[in-house]
Amino acid sequence: MSKLQPARGTRDIYGEESRNMAAVVDTFKRVATSYGFEELSTPIFEFTEVYKRPLGESSDIVSKEMYTFDSHAGNAKDSEELTLRPEFTAGICRSFISNGMQQNLPCRFMSSGPAFRRERPQKGRYRQFHQINAELLGQPGAEADVDLIAMAWRILQELGLGEKVILHLNSLGDRESRAAYRDDLVIYFEQHKGSLSEDSLRRLDSNPLRILDSKDEGDAKIVDGAPLMSASMNDASREFFELVKKGLDAIGVPYELDERLVRGMDYYCHTAFEFVTTELGAQGTVLAGGRYDGLIEQLGGPSTPGVGWAGGIERLAMLSEKGAVPTRPVVIMPMGEAATMKAFSVAEDIRAAGHRVTADRSGNLKKRLTRASKANARFAVVIGDNELEGGSAALKDLDNGEQQTIVFAELGAVISGLLGDAA
Ligand code: ATP
Ligand code: MG
């Protein structure tokens, strides 16, 4: 074991960052619920095939980023190859098939939790990171795409990010349009073969669309001159995209058309979108998604259209910093053994009245009051022998030093009243 540090690309999350991340998840769940979504939790690892097939062997994720291991537990015969979740969509579609959910279409699923990719760690890019994820299955029309983007936009606005992010929007067209575009791209990139990066050369055979997504600077120059998707789009694809744009206009969601936007995975068609910020450097994409009509069929399920997105919780939390500051605690201070026993139930009663209560049971009163102030406590409740006999405690307001004697049963209400006065 080395140095008791977390493994490369993983982190401990606590304090303000933890609160900011929780605020992202809370906002996501509240808003998604208002759009009719229900929670679906899938396992954190799946059979490798679940990811390999839909994402494609040539995708960055499958070719180099997955944490894959053998389930082998003593009996090699039973071993199966498993992979830690690198993204949510494939597992959710697997779950949809496993549970026969096609009887209940449309399905609206919200999920959140960790995902794992073997990447070069940097700010906003980790090997264990966290996503909020939404999928809408069973609606073939462009209206579903609009609903999902609108939901993402609302979440971003509620996180205070309306001014900080821009929606980039593109269409990859249907299967026919994509195939035509693919041919155009191959012809073009073949002419620039000599200057393409090694990764992109590989993609030229397997998935040339992905070259458009290359992060290599040399590739970027060549990509600038590549033919545009819009030139290969058939009428049906065009109409679909028009409807998406009209819907977004109707809600007032601002967007920029970005013909170079492709998604990193094989299974996308029609709408592709990313919410991007300029504030996080190269890690600027905070939430991204699109339509994936062929995915469920590819996994062996009934042909079912789907559209979804995933947002990076770390990146969203860094931008929004909306974490709730914990309310200031009440510190209960029993002086002596009898008082300690009584303090247990007094503390429960104050908590039941809705307050945050901690206990400090050691040291003299002065020390305890100093510690309470340091912990940003608002009130101290001191229970000594005198107070015990009278069935009351000394309630001290640490902001103004005022002290009053309050019977145990009324402490919660009195504290509520004092906090109400202050508000
Ligand atoms: P990028 O282009 O930044 O690598 P991606 O296209 O690989 O992103 P997606 O697979 O679309 O990302 O995942 C959705 C979101 O999850 C991203 O927009 C981002 O906010 C977040 N995300 C992806 N990978 C990481 C990571 N390694 N660390 C932290 N957040 C991540
Ligand atoms: Mg990536």
# chains A, B, ... in the order shown; residues from 1 in each chain; ligands from 1

call {"tool": "residues_near_ligand", "arguments": {"ligand": "ligand 2", "cutoff": "9 Å", "atoms": "only C-alpha atoms and all ligand atoms", "output": "short mmCIF file (atom, residue, chain, number, x, y, z; two decimals) with N, CA, C and O atoms, in the first residue's frame"}}
result
data_model
loop_
_atom_site.label_atom_id
_atom_site.label_comp_id
_atom_site.auth_asym_id
_atom_site.auth_seq_id
_atom_site.Cartn_x
_atom_site.Cartn_y
_atom_site.Cartn_z
N ASP A 60 -13.47 5.92 -27.30
CA ASP A 60 -12.43 6.12 -26.28
C ASP A 60 -12.72 5.28 -25.06
O ASP A 60 -11.83 4.67 -24.48
N ILE A 61 -13.99 5.25 -24.68
CA ILE A 61 -14.34 4.53 -23.45
C ILE A 61 -13.97 3.06 -23.56
O ILE A 61 -13.24 2.53 -22.71
N GLU A 65 -10.62 3.25 -21.73
CA GLU A 65 -10.98 3.88 -20.45
C GLU A 65 -11.71 2.98 -19.46
O GLU A 65 -11.95 3.38 -18.33
N ARG A 117 -13.81 5.99 -15.36
CA ARG A 117 -13.09 5.96 -16.65
C ARG A 117 -11.60 6.17 -16.38
O ARG A 117 -11.23 7.05 -15.60
N GLU A 119 -8.84 7.84 -17.23
CA GLU A 119 -8.44 9.02 -17.99
C GLU A 119 -7.26 9.67 -17.31
O GLU A 119 -6.94 9.37 -16.17
N ARG A 125 -11.69 16.41 -14.20
CA ARG A 125 -11.63 15.14 -14.92
C ARG A 125 -11.00 14.11 -14.00
O ARG A 125 -9.83 14.21 -13.63
N GLY A 264 -19.45 11.15 -28.34
CA GLY A 264 -18.36 10.20 -28.36
C GLY A 264 -18.77 8.73 -28.52
O GLY A 264 -17.93 7.87 -28.67
#

call {"tool": "closest_atom_pairs", "arguments": {"of": "chain A", "to": "ligand 1", "cutoff": "8 Å", "atoms": "only C-alpha atoms and all ligand atoms", "output": "tab-separated table"}}
result
residue	atom	partner	partner_atom_place_in_ligand_line	distance
A:Ile61	CA	ligand 1	7 (O)	7.9
A:Glu87	CA	ligand 1	10 (O)	6.4
A:Phe116	CA	ligand 1	27 (N)	7.3
A:Arg117	CA	ligand 1	27 (N)	5.9
A:Arg118	CA	ligand 1	27 (N)	7.7
A:Glu119	CA	ligand 1	27 (N)	6.1
A:Pro121	CA	ligand 1	27 (N)	7.3
A:Gly124	CA	ligand 1	29 (C)	5.1
A:Arg125	CA	ligand 1	28 (N)	3.3
A:Tyr126	CA	ligand 1	28 (N)	4.0
A:Arg127	CA	ligand 1	27 (N)	5.4
A:Gln128	CA	ligand 1	28 (N)	6.9
A:Phe129	CA	ligand 1	29 (C)	4.9
A:His130	CA	ligand 1	30 (N)	6.7
A:Gln131	CA	ligand 1	16 (O)	5.9
A:Arg263	CA	ligand 1	6 (O)	6.4
A:Gly264	CA	ligand 1	6 (O)	5.7
A:Met265	CA	ligand 1	10 (O)	7.9
A:Glu274	CA	ligand 1	18 (O)	7.2
A:Phe275	CA	ligand 1	18 (O)	7.7
A:Ala282	CA	ligand 1	3 (O)	7.2
A:Gln283	CA	ligand 1	3 (O)	5.1
A:Gly284	CA	ligand 1	3 (O)	6.7
A:Thr285	CA	ligand 1	18 (O)	4.3
A:Val286	CA	ligand 1	20 (O)	3.7
A:Leu287	CA	ligand 1	18 (O)	4.2
A:Ala288	CA	ligand 1	11 (O)	5.0
A:Gly289	CA	ligand 1	11 (O)	6.3
A:Trp309	CA	ligand 1	14 (C)	7.3
A:Ala310	CA	ligand 1	14 (C)	4.6
A:Gly311	CA	ligand 1	15 (C)	4.4
A:Gly312	CA	ligand 1	20 (O)	3.3
A:Ile313	CA	ligand 1	20 (O)	6.9
A:Glu314	CA	ligand 1	29 (C)	6.2
A:Arg315	CA	ligand 1	20 (O)	5.7
A:Leu316	CA	ligand 1	20 (O)	7.3

call {"tool": "residues_around", "arguments": {"residues": "A:Glu279", "least_positions_apart": "2", "cutoff": "8 Å", "atoms": "only C-alpha atoms", "output": "list in words"}}
result
Lys164, Thr277, Gly281, Gly284 and Leu319 of chain A

call {"tool": "select_by_dssp", "arguments": {"residues": "stretch 177-357 of chain A", "states": "strand (DSSP E)", "output": "ChimeraX atom specification"}}
result
/A:256-257,269-277,285-291,306-312,330-334,357

call {"tool": "closest_atom_pairs", "arguments": {"of": "stretch 283-336 of chain A", "to": "stretch 142-149 of chain A", "cutoff": "8 Å", "atoms": "only C-alpha atoms", "output": "tab-separated table"}}
result
residue	atom	partner	partner_atom	distance
A:Gly290	CA	A:Asp145	CA	7.5
A:Arg291	CA	A:Asp145	CA	7.3
A:Val307	CA	A:Asp145	CA	6.4
A:Gly308	CA	A:Leu148	CA	6.9
A:Trp309	CA	A:Leu148	CA	7.8

call {"tool": "select_by_dssp", "arguments": {"residues": "stretch 174-260 of chain A", "states": "helix (DSSP H, G or I)", "output": "short mmCIF file (atom, residue, chain, number, x, y, z; two decimals) with N, CA, C and O atoms, in the first residue's frame"}}
result
data_model
loop_
_atom_site.label_atom_id
_atom_site.label_comp_id
_atom_site.auth_asym_id
_atom_site.auth_seq_id
_atom_site.Cartn_x
_atom_site.Cartn_y
_atom_site.Cartn_z
N ARG A 175 -30.35 7.02 -39.79
CA ARG A 175 -29.32 6.06 -40.20
C ARG A 175 -28.84 6.33 -41.63
O ARG A 175 -27.65 6.35 -41.91
N GLU A 176 -29.81 6.60 -42.51
CA GLU A 176 -29.48 6.82 -43.93
C GLU A 176 -28.58 8.06 -44.09
O GLU A 176 -27.56 8.02 -44.76
N SER A 177 -28.96 9.15 -43.41
CA SER A 177 -28.19 10.38 -43.53
C SER A 177 -26.79 10.21 -42.96
O SER A 177 -25.81 10.72 -43.49
N ARG A 178 -26.74 9.49 -41.86
CA ARG A 178 -25.45 9.28 -41.22
C ARG A 178 -24.52 8.49 -42.12
O ARG A 178 -23.33 8.78 -42.21
N ALA A 179 -25.08 7.48 -42.79
CA ALA A 179 -24.27 6.66 -43.68
C ALA A 179 -23.73 7.50 -44.84
O ALA A 179 -22.56 7.40 -45.22
N ALA A 180 -24.59 8.38 -45.38
CA ALA A 180 -24.16 9.24 -46.49
C ALA A 180 -23.05 10.18 -46.01
O ALA A 180 -22.05 10.40 -46.70
N TYR A 181 -23.25 10.72 -44.82
CA TYR A 181 -22.25 11.65 -44.27
C TYR A 181 -20.93 10.93 -44.03
O TYR A 181 -19.85 11.45 -44.32
N ARG A 182 -21.04 9.73 -43.53
CA ARG A 182 -19.86 8.93 -43.27
C ARG A 182 -19.02 8.77 -44.54
O ARG A 182 -17.81 8.95 -44.53
N ASP A 183 -19.71 8.50 -45.64
CA ASP A 183 -19.00 8.33 -46.91
C ASP A 183 -18.29 9.63 -47.31
O ASP A 183 -17.14 9.62 -47.74
N ASP A 184 -18.99 10.76 -47.15
CA ASP A 184 -18.38 12.06 -47.47
C ASP A 184 -17.12 12.27 -46.63
O ASP A 184 -16.11 12.76 -47.12
N LEU A 185 -17.23 11.93 -45.35
CA LEU A 185 -16.11 12.16 -44.44
C LEU A 185 -14.91 11.31 -44.83
O LEU A 185 -13.77 11.77 -44.81
N VAL A 186 -15.19 10.04 -45.16
CA VAL A 186 -14.09 9.14 -45.51
C VAL A 186 -13.32 9.70 -46.71
O VAL A 186 -12.10 9.78 -46.71
N ILE A 187 -14.08 10.13 -47.72
CA ILE A 187 -13.43 10.69 -48.92
C ILE A 187 -12.57 11.89 -48.53
O ILE A 187 -11.40 12.01 -48.92
N TYR A 188 -13.11 12.75 -47.70
CA TYR A 188 -12.37 13.96 -47.30
C TYR A 188 -11.12 13.62 -46.47
O TYR A 188 -10.02 14.07 -46.76
N PHE A 189 -11.31 12.81 -45.45
CA PHE A 189 -10.18 12.53 -44.55
C PHE A 189 -9.10 11.68 -45.24
O PHE A 189 -7.93 11.79 -44.90
N GLU A 190 -9.51 10.86 -46.19
CA GLU A 190 -8.52 10.09 -46.96
C GLU A 190 -7.51 11.04 -47.61
O GLU A 190 -6.33 10.74 -47.72
N GLN A 191 -8.01 12.20 -48.04
CA GLN A 191 -7.13 13.17 -48.70
C GLN A 191 -6.14 13.80 -47.72
O GLN A 191 -5.15 14.41 -48.13
N LYS A 193 -4.89 12.10 -44.96
CA LYS A 193 -4.41 10.98 -44.16
C LYS A 193 -3.04 11.25 -43.52
O LYS A 193 -2.81 10.92 -42.36
N GLY A 194 -2.17 11.89 -44.32
CA GLY A 194 -0.79 12.12 -43.86
C GLY A 194 -0.71 12.96 -42.60
O GLY A 194 0.23 12.81 -41.81
N SER A 195 -1.69 13.84 -42.36
CA SER A 195 -1.58 14.75 -41.21
C SER A 195 -2.49 14.37 -40.05
O SER A 195 -2.51 15.06 -39.04
N GLU A 198 -2.74 9.49 -34.92
CA GLU A 198 -2.84 8.03 -34.97
C GLU A 198 -4.25 7.56 -34.58
O GLU A 198 -4.83 6.70 -35.24
N ASP A 199 -4.79 8.19 -33.53
CA ASP A 199 -6.14 7.83 -33.07
C ASP A 199 -7.15 8.04 -34.20
O ASP A 199 -8.03 7.21 -34.44
N SER A 200 -7.01 9.17 -34.87
CA SER A 200 -7.99 9.48 -35.91
C SER A 200 -7.84 8.57 -37.12
O SER A 200 -8.82 8.26 -37.79
N LEU A 201 -6.60 8.16 -37.39
CA LEU A 201 -6.41 7.20 -38.49
C LEU A 201 -7.17 5.92 -38.21
O LEU A 201 -7.78 5.32 -39.09
N ARG A 202 -7.12 5.50 -36.95
CA ARG A 202 -7.86 4.30 -36.56
C ARG A 202 -9.35 4.51 -36.75
O ARG A 202 -10.08 3.64 -37.22
N ARG A 203 -9.81 5.71 -36.39
CA ARG A 203 -11.24 6.00 -36.50
C ARG A 203 -11.71 6.09 -37.95
O ARG A 203 -12.89 5.92 -38.23
N LEU A 204 -10.77 6.38 -38.83
CA LEU A 204 -11.12 6.53 -40.23
C LEU A 204 -11.79 5.26 -40.76
O LEU A 204 -12.73 5.30 -41.55
N ASP A 205 -11.33 4.11 -40.28
CA ASP A 205 -11.95 2.85 -40.69
C ASP A 205 -13.19 2.54 -39.87
O ASP A 205 -14.21 2.13 -40.40
N SER A 206 -13.07 2.73 -38.56
CA SER A 206 -14.13 2.24 -37.68
C SER A 206 -15.28 3.23 -37.55
O SER A 206 -16.44 2.84 -37.64
N PRO A 208 -15.55 7.25 -38.68
CA PRO A 208 -14.95 8.53 -39.08
C PRO A 208 -15.65 9.74 -38.45
O PRO A 208 -15.02 10.78 -38.26
N LEU A 209 -16.93 9.60 -38.07
CA LEU A 209 -17.61 10.72 -37.43
C LEU A 209 -16.87 11.16 -36.17
O LEU A 209 -16.87 12.32 -35.79
N ARG A 210 -16.24 10.17 -35.56
CA ARG A 210 -15.59 10.47 -34.30
C ARG A 210 -14.35 11.35 -34.46
O ARG A 210 -13.90 11.96 -33.52
N ILE A 211 -13.82 11.39 -35.66
CA ILE A 211 -12.67 12.27 -35.89
C ILE A 211 -13.06 13.73 -35.61
O ILE A 211 -12.27 14.52 -35.13
N LEU A 212 -14.33 14.05 -35.86
CA LEU A 212 -14.81 15.41 -35.61
C LEU A 212 -14.70 15.77 -34.13
O LEU A 212 -14.67 16.93 -33.75
N ASP A 213 -14.67 14.76 -33.29
CA ASP A 213 -14.66 14.92 -31.83
C ASP A 213 -13.22 14.91 -31.29
O ASP A 213 -13.00 14.97 -30.09
N GLU A 217 -4.78 18.76 -31.61
CA GLU A 217 -4.77 20.09 -32.25
C GLU A 217 -4.54 20.02 -33.75
O GLU A 217 -5.12 20.80 -34.52
N GLY A 218 -3.67 19.10 -34.16
CA GLY A 218 -3.42 18.93 -35.60
C GLY A 218 -4.69 18.50 -36.33
O GLY A 218 -5.02 19.02 -37.40
N ASP A 219 -5.44 17.57 -35.71
CA ASP A 219 -6.70 17.11 -36.30
C ASP A 219 -7.68 18.27 -36.46
O ASP A 219 -8.42 18.35 -37.44
N ALA A 220 -7.69 19.16 -35.46
CA ALA A 220 -8.68 20.23 -35.44
C ALA A 220 -8.62 21.05 -36.73
O ALA A 220 -9.65 21.45 -37.29
N LYS A 221 -7.39 21.30 -37.20
CA LYS A 221 -7.23 22.10 -38.44
C LYS A 221 -7.88 21.39 -39.62
O LYS A 221 -8.55 22.00 -40.45
N ILE A 222 -7.68 20.07 -39.68
CA ILE A 222 -8.25 19.30 -40.79
C ILE A 222 -9.77 19.25 -40.66
O ILE A 222 -10.50 19.40 -41.64
N VAL A 223 -10.22 19.08 -39.42
CA VAL A 223 -11.66 19.00 -39.16
C VAL A 223 -12.36 20.28 -39.63
O VAL A 223 -13.48 20.25 -40.14
N ASP A 224 -11.67 21.42 -39.47
CA ASP A 224 -12.25 22.69 -39.89
C ASP A 224 -12.74 22.68 -41.34
O ASP A 224 -13.74 23.32 -41.67
N MET A 229 -22.45 17.94 -41.89
CA MET A 229 -23.54 16.97 -41.80
C MET A 229 -24.77 17.45 -42.57
O MET A 229 -25.44 16.67 -43.24
N SER A 230 -25.05 18.73 -42.45
CA SER A 230 -26.30 19.25 -43.02
C SER A 230 -26.39 18.97 -44.52
O SER A 230 -27.48 18.82 -45.06
N ALA A 231 -25.22 18.87 -45.18
CA ALA A 231 -25.23 18.62 -46.62
C ALA A 231 -25.73 17.21 -46.95
O ALA A 231 -26.22 16.97 -48.05
N SER A 232 -25.62 16.28 -45.99
CA SER A 232 -26.01 14.90 -46.27
C SER A 232 -27.37 14.53 -45.69
O SER A 232 -27.80 13.39 -45.79
N ASP A 235 -34.70 14.53 -46.02
CA ASP A 235 -35.80 15.39 -45.60
C ASP A 235 -36.35 15.03 -44.23
O ASP A 235 -36.66 15.91 -43.42
N ALA A 236 -36.48 13.73 -43.99
CA ALA A 236 -37.04 13.30 -42.70
C ALA A 236 -36.17 13.80 -41.55
O ALA A 236 -36.67 14.28 -40.52
N SER A 237 -34.86 13.69 -41.71
CA SER A 237 -33.94 14.13 -40.65
C SER A 237 -34.02 15.64 -40.46
O SER A 237 -33.97 16.16 -39.34
N ARG A 238 -34.12 16.33 -41.58
CA ARG A 238 -34.23 17.79 -41.54
C ARG A 238 -35.48 18.22 -40.78
O ARG A 238 -35.44 19.12 -39.94
N GLU A 239 -36.60 17.56 -41.10
CA GLU A 239 -37.87 17.89 -40.43
C GLU A 239 -37.78 17.65 -38.93
O GLU A 239 -38.27 18.44 -38.13
N PHE A 240 -37.18 16.53 -38.60
CA PHE A 240 -37.03 16.19 -37.18
C PHE A 240 -36.28 17.30 -36.45
O PHE A 240 -36.69 17.79 -35.40
N PHE A 241 -35.19 17.72 -37.05
CA PHE A 241 -34.35 18.74 -36.42
C PHE A 241 -35.08 20.08 -36.33
O PHE A 241 -34.98 20.80 -35.33
N GLU A 242 -35.86 20.40 -37.38
CA GLU A 242 -36.63 21.65 -37.34
C GLU A 242 -37.59 21.67 -36.16
O GLU A 242 -37.75 22.67 -35.48
N LEU A 243 -38.23 20.50 -35.93
CA LEU A 243 -39.17 20.40 -34.81
C LEU A 243 -38.48 20.63 -33.47
O LEU A 243 -39.01 21.29 -32.58
N VAL A 244 -37.28 20.06 -33.32
CA VAL A 244 -36.53 20.24 -32.08
C VAL A 244 -36.27 21.73 -31.87
O VAL A 244 -36.51 22.29 -30.79
N LYS A 245 -35.80 22.39 -32.92
CA LYS A 245 -35.47 23.81 -32.80
C LYS A 245 -36.71 24.64 -32.50
O LYS A 245 -36.69 25.54 -31.66
N LYS A 246 -37.82 24.31 -33.19
CA LYS A 246 -39.07 25.04 -32.95
C LYS A 246 -39.52 24.90 -31.50
O LYS A 246 -39.97 25.85 -30.87
N GLY A 247 -39.42 23.69 -30.98
CA GLY A 247 -39.81 23.44 -29.59
C GLY A 247 -38.96 24.25 -28.63
O GLY A 247 -39.49 24.87 -27.69
N LEU A 248 -37.67 24.26 -28.86
CA LEU A 248 -36.78 25.03 -27.97
C LEU A 248 -37.09 26.52 -28.08
O LEU A 248 -37.10 27.23 -27.07
N ASP A 249 -37.39 26.98 -29.30
CA ASP A 249 -37.76 28.39 -29.47
C ASP A 249 -39.04 28.69 -28.69
O ASP A 249 -39.17 29.75 -28.07
N ALA A 250 -39.98 27.75 -28.75
CA ALA A 250 -41.27 27.97 -28.08
C ALA A 250 -41.10 28.13 -26.57
O ALA A 250 -41.81 28.88 -25.92
N ILE A 251 -40.14 27.39 -26.00
CA ILE A 251 -39.90 27.50 -24.56
C ILE A 251 -38.96 28.66 -24.25
O ILE A 251 -38.89 29.13 -23.12
#

call {"tool": "closest_residue", "arguments": {"among": "A:Ile13, A:Ala359, A:Val24, A:Pro334", "to": "A:Glu158", "atoms": "only C-alpha atoms"}}
result
A:Val24

call {"tool": "closest_atom_pairs", "arguments": {"of": "stretch 11-85 of chain A", "to": "stretch 292-296 of chain A", "cutoff": "10 Å", "atoms": "only C-alpha atoms", "output": "tab-separated table"}}
result
residue	atom	partner	partner_atom	distance
A:Arg53	CA	A:Leu295	CA	9.2
A:Pro54	CA	A:Leu295	CA	6.2
A:Leu55	CA	A:Leu295	CA	9.1

call {"tool": "write_last_selection", "arguments": {"atoms": "all heavy atoms", "output": "compact mmCIF listing (two decimals), in the first residue's frame"}}
result
# COMPACT_ATOMS: atom_id res chain seq x y z
N ARG A 53 -20.68 -3.44 -26.58
CA ARG A 53 -21.46 -3.49 -27.81
C ARG A 53 -22.01 -2.12 -28.19
O ARG A 53 -21.72 -1.61 -29.26
CB ARG A 53 -22.58 -4.51 -27.67
CG ARG A 53 -22.36 -5.69 -28.63
CD ARG A 53 -23.59 -6.52 -28.77
NE ARG A 53 -23.93 -7.23 -27.54
CZ ARG A 53 -25.10 -7.87 -27.37
NH1 ARG A 53 -26.01 -7.84 -28.31
NH2 ARG A 53 -25.34 -8.52 -26.25
N PRO A 54 -22.79 -1.48 -27.32
CA PRO A 54 -23.37 -0.21 -27.76
C PRO A 54 -22.34 0.92 -27.91
O PRO A 54 -22.48 1.74 -28.81
CB PRO A 54 -24.38 0.12 -26.68
CG PRO A 54 -24.12 -0.78 -25.56
CD PRO A 54 -23.33 -1.93 -26.05
N LEU A 55 -21.36 1.01 -27.05
CA LEU A 55 -20.43 2.13 -27.15
C LEU A 55 -19.48 1.98 -28.33
O LEU A 55 -19.00 2.97 -28.87
CB LEU A 55 -19.63 2.29 -25.84
CG LEU A 55 -20.28 3.17 -24.77
CD1 LEU A 55 -21.59 2.57 -24.30
CD2 LEU A 55 -19.35 3.35 -23.60

call {"tool": "closest_residue", "arguments": {"among": "A:Arg30, A:Lys52, A:Lys367, A:Arg108", "to": "A:Thr83", "atoms": "only C-alpha atoms"}}
result
A:Lys52

call {"tool": "residues_around", "arguments": {"residues": "A:Ala324", "least_positions_apart": "4", "cutoff": "10 Å", "atoms": "only C-alpha atoms", "output": "list in words"}}
result
Glu16, Arg19, Asn20, Ala22 and Ala23 of chain A

call {"tool": "atom_distance", "arguments": {"atom1": "atom CA of A:Asn386", "atom2": "atom CA of A:Arg328"}}
result
27.2 Å
